[in-house]
Amino acid sequence: MLDIVIEARKASLAPGMDVKRILPFRMRRMVGPFIFMDHAGPVSVAPEKSQAMDVLPHPHIGLSTVSYLFGGQVTHRDSLGVQQIIRPGEVNWMTAGSGIAHSERFEDPAALAEGKLEMIQTWVALPEKDEEAAPTFNNYQPEQLPIFTDTGIWMRLIAGEAYGLKNNVRTHSPLFYLHVKLVKGARFGLPKEYAERGAYIARGSIEVSGREYKVGQMLVFNKGVDPIVLAKEETTIMLLGGEAVGERYIWWNFVSSRRERIEEAKEDWKQGRIMLPPTDNHEYVPLPEGNTKPAGGPAPQALS
């Protein structure tokens, strides 16, 4: 059966950059290992205001960030010295592990014009054995990501394994993540092999068991339920989920299975022990004041 419907909430990352925040949600903190999900855009910003949207260097621990664009472009820089322009259809998978800092800058004003910028950002919590792994960053081009098509259905496997599709995106636990486009009247089912499954409606609307759902809603299903999704119009859905990795604490940009580890990460950031990106180290996001206890819920102004 349908476990819960999550309504996206408005969150502001920067002036002109309001996002739909889907995860974490107070009544459903994770879907499989996915602990955070934002949908930004479409965004249209005047060229002279583009710099104000930059996300300055900020830290992460205990998770992987996944950036996926529908349109526009973003420049990623991190502590490892990686500089990567992120473009539509690519998968950019950064594993923070023991600690990393990165920035996201909008350096091409044209990419922000006319509502071109639109992106989905997720965090994947790491299994306990990998929480302190060395940080890594990998960019995967669209041609490395398998595509499946059928009558009225197009889907790209972003990561994991589903519908017989598999790619080489490096993950740390069983999961699936897909970009799905449907024409009006198309029907399809969700992957059956995973304990937790979610379908986020990025565009359009769908019907499940006679009820209609719209943009900004995520439907989460229990295992053993095999719903049929009917597209009511041209629709884009992000499918994600997998096997649970256990309870996690989240505070700001830090995720961990141990509350004390998040306290250590706060002090590491304050004391400069998490290195800034070497090519973007003149400014950074300071540690937020207040709300000092790690919790299993949304953090203040979470960044990805």
# chains A, B, ... in the order shown; residues from 1 in each chain; ligands from 1
>>> select_by_dssp(residues="range 83-184 of chain A", states="helix (DSSP H, G or I)", output="CSV table (one decimal) with N, CA and C atoms, in the first residue's frame")
chain,number,residue,atom,x,y,z
A,109,PRO,N,26.1,33.2,-16.9
A,109,PRO,CA,24.8,33.8,-16.8
A,109,PRO,C,23.8,33.3,-17.7
A,110,ALA,N,24.2,32.9,-18.9
A,110,ALA,CA,23.3,32.4,-19.9
A,110,ALA,C,22.5,31.1,-19.4
A,111,ALA,N,23.2,30.4,-18.6
A,111,ALA,CA,22.6,29.1,-18.0
A,111,ALA,C,21.5,29.4,-17.1
A,112,LEU,N,21.4,30.6,-16.6
A,112,LEU,CA,20.4,31.0,-15.6
A,112,LEU,C,19.2,31.8,-16.3
A,113,ALA,N,19.4,32.2,-17.6
A,113,ALA,CA,18.4,33.0,-18.2
A,113,ALA,C,17.2,32.1,-18.7
A,114,GLU,N,16.1,32.7,-18.8
A,114,GLU,CA,14.9,32.1,-19.4
A,114,GLU,C,14.5,30.8,-18.7
A,115,GLY,N,14.8,30.7,-17.5
A,115,GLY,CA,14.3,29.5,-16.7
A,115,GLY,C,15.0,28.2,-17.1
A,128,GLU,N,27.6,2.3,7.9
A,128,GLU,CA,28.5,2.6,9.0
A,128,GLU,C,29.9,2.3,8.6
A,129,LYS,N,30.2,1.2,7.9
A,129,LYS,CA,31.6,0.9,7.6
A,129,LYS,C,32.2,1.8,6.6
A,130,ASP,N,31.4,2.7,5.9
A,130,ASP,CA,32.0,3.6,4.9
A,130,ASP,C,31.9,5.1,5.3
A,142,PRO,N,26.5,11.2,-19.8
A,142,PRO,CA,25.2,10.5,-20.2
A,142,PRO,C,25.4,9.2,-20.9
A,143,GLU,N,26.4,9.1,-21.7
A,143,GLU,CA,26.6,7.8,-22.5
A,143,GLU,C,27.0,6.7,-21.6
A,144,GLN,N,27.4,7.0,-20.3
A,144,GLN,CA,27.7,5.9,-19.4
A,144,GLN,C,26.5,5.4,-18.6
>>> closest_atom_pairs(of="range 108-204 of chain A", to="range 245-249 of chain A", cutoff="10 Å", atoms="only C-alpha atoms", output="CSV")
residue,atom,partner,partner_atom,distance
A:Val124,CA,A:Val245,CA,9.8
A:Ala125,CA,A:Val245,CA,7.4
A:Leu126,CA,A:Val245,CA,7.4
A:Pro127,CA,A:Val245,CA,5.7
A:Glu128,CA,A:Val245,CA,7.9
A:Ser173,CA,A:Val245,CA,7.8
A:Pro174,CA,A:Val245,CA,9.3
>>> write_last_selection(atoms="N, CA and C atoms", output="PDB file, in the first residue's frame")
ATOM      1  N   VAL A 124      22.868  10.602  -0.153  1.00  0.00           N
ATOM      2  CA  VAL A 124      22.742   9.177   0.146  1.00  0.00           C
ATOM      3  C   VAL A 124      23.576   8.886   1.390  1.00  0.00           C
ATOM      4  N   ALA A 125      22.924   8.438   2.455  1.00  0.00           N
ATOM      5  CA  ALA A 125      23.645   8.108   3.684  1.00  0.00           C
ATOM      6  C   ALA A 125      24.522   6.884   3.454  1.00  0.00           C
ATOM      7  N   LEU A 126      25.743   6.932   3.989  1.00  0.00           N
ATOM      8  CA  LEU A 126      26.678   5.819   3.817  1.00  0.00           C
ATOM      9  C   LEU A 126      26.467   4.751   4.885  1.00  0.00           C
ATOM     10  N   PRO A 127      26.701   3.487   4.552  1.00  0.00           N
ATOM     11  CA  PRO A 127      26.700   2.450   5.591  1.00  0.00           C
ATOM     12  C   PRO A 127      27.757   2.784   6.649  1.00  0.00           C
ATOM     13  N   GLU A 128      27.569   2.287   7.856  1.00  0.00           N
ATOM     14  CA  GLU A 128      28.491   2.626   8.952  1.00  0.00           C
ATOM     15  C   GLU A 128      29.937   2.323   8.589  1.00  0.00           C
ATOM     16  N   SER A 173      25.643   0.929  -1.100  1.00  0.00           N
ATOM     17  CA  SER A 173      24.603   0.046  -0.570  1.00  0.00           C
ATOM     18  C   SER A 173      23.569  -0.183  -1.662  1.00  0.00           C
ATOM     19  N   PRO A 174      22.725  -1.220  -1.520  1.00  0.00           N
ATOM     20  CA  PRO A 174      21.727  -1.499  -2.557  1.00  0.00           C
ATOM     21  C   PRO A 174      20.726  -0.353  -2.698  1.00  0.00           C
TER      22      PRO A 174
END
>>> closest_residue(among="A:Tyr68, A:Val180, A:Leu80, A:Arg203", to="Tyr140 in chain A", atoms="only C-alpha atoms")
A:Tyr68
>>> residues_around(residues="Phe106 in chain A", least_positions_apart="2", cutoff="6 Å", atoms="only C-alpha atoms", output="PyMOL selection string")
chain A and resi 54+74+108
>>> residues_around(residues="His58 in chain A", least_positions_apart="5", cutoff="6 Å", atoms="only C-alpha atoms", output="list in words")
Ala101, His102 and Val285 of chain A
>>> closest_residue(among="A:Asp78, A:Glu212, A:Glu132, A:Glu7", to="Gly97 in chain A", atoms="only C-alpha atoms")
A:Glu132
>>> residues_around(residues="Glu267 in chain A", least_positions_apart="3", cutoff="12 Å", atoms="only C-alpha atoms", output="PDB file with N, CA and C atoms, in the first residue's frame")
ATOM      1  N   PRO A  59      30.899  22.238   4.240  1.00  0.00           N
ATOM      2  CA  PRO A  59      31.401  20.878   4.494  1.00  0.00           C
ATOM      3  C   PRO A  59      30.312  19.811   4.483  1.00  0.00           C
ATOM      4  N   PHE A 254      25.835  17.706   7.826  1.00  0.00           N
ATOM      5  CA  PHE A 254      26.496  16.547   8.397  1.00  0.00           C
ATOM      6  C   PHE A 254      25.490  15.422   8.639  1.00  0.00           C
ATOM      7  N   GLU A 260      27.800  11.972  18.424  1.00  0.00           N
ATOM      8  CA  GLU A 260      29.055  12.628  18.814  1.00  0.00           C
ATOM      9  C   GLU A 260      29.930  12.944  17.598  1.00  0.00           C
ATOM     10  N   ARG A 261      29.765  12.170  16.530  1.00  0.00           N
ATOM     11  CA  ARG A 261      30.561  12.438  15.331  1.00  0.00           C
ATOM     12  C   ARG A 261      30.163  13.766  14.692  1.00  0.00           C
ATOM     13  N   ILE A 262      28.904  14.088  14.761  1.00  0.00           N
ATOM     14  CA  ILE A 262      28.453  15.369  14.217  1.00  0.00           C
ATOM     15  C   ILE A 262      29.009  16.522  15.050  1.00  0.00           C
ATOM     16  N   GLU A 263      29.084  16.333  16.359  1.00  0.00           N
ATOM     17  CA  GLU A 263      29.687  17.369  17.210  1.00  0.00           C
ATOM     18  C   GLU A 263      31.154  17.571  16.842  1.00  0.00           C
ATOM     19  N   GLU A 264      31.851  16.471  16.549  1.00  0.00           N
ATOM     20  CA  GLU A 264      33.254  16.576  16.123  1.00  0.00           C
ATOM     21  C   GLU A 264      33.360  17.337  14.801  1.00  0.00           C
ATOM     22  N   LYS A 270      34.738  24.631  12.357  1.00  0.00           N
ATOM     23  CA  LYS A 270      35.054  25.887  13.036  1.00  0.00           C
ATOM     24  C   LYS A 270      36.560  26.110  13.110  1.00  0.00           C
ATOM     25  N   GLN A 271      37.310  25.042  13.314  1.00  0.00           N
ATOM     26  CA  GLN A 271      38.754  25.156  13.488  1.00  0.00           C
ATOM     27  C   GLN A 271      39.533  25.036  12.175  1.00  0.00           C
ATOM     28  N   GLY A 272      38.843  24.910  11.061  1.00  0.00           N
ATOM     29  CA  GLY A 272      39.521  24.859   9.768  1.00  0.00           C
ATOM     30  C   GLY A 272      40.191  23.539   9.468  1.00  0.00           C
ATOM     31  N   ARG A 273      39.718  22.464  10.104  1.00  0.00           N
ATOM     32  CA  ARG A 273      40.344  21.157   9.872  1.00  0.00           C
ATOM     33  C   ARG A 273      39.765  20.414   8.665  1.00  0.00           C
ATOM     34  N   ILE A 274      38.691  20.953   8.085  1.00  0.00           N
ATOM     35  CA  ILE A 274      38.191  20.429   6.819  1.00  0.00           C
ATOM     36  C   ILE A 274      38.647  21.411   5.745  1.00  0.00           C
ATOM     37  N   PRO A 286      29.938  29.910   7.176  1.00  0.00           N
ATOM     38  CA  PRO A 286      30.274  29.613   8.573  1.00  0.00           C
ATOM     39  C   PRO A 286      29.282  28.634   9.184  1.00  0.00           C
ATOM     40  N   LEU A 287      29.720  28.000  10.273  1.00  0.00           N
ATOM     41  CA  LEU A 287      28.841  27.091  10.990  1.00  0.00           C
ATOM     42  C   LEU A 287      27.634  27.862  11.516  1.00  0.00           C
ATOM     43  N   PRO A 288      26.410  27.383  11.272  1.00  0.00           N
ATOM     44  CA  PRO A 288      25.231  28.094  11.782  1.00  0.00           C
ATOM     45  C   PRO A 288      25.243  28.169  13.304  1.00  0.00           C
ATOM     46  N   THR A 292      22.040  23.470  18.180  1.00  0.00           N
ATOM     47  CA  THR A 292      23.315  22.765  18.237  1.00  0.00           C
ATOM     48  C   THR A 292      23.212  21.253  18.421  1.00  0.00           C
TER      49      THR A 292
END
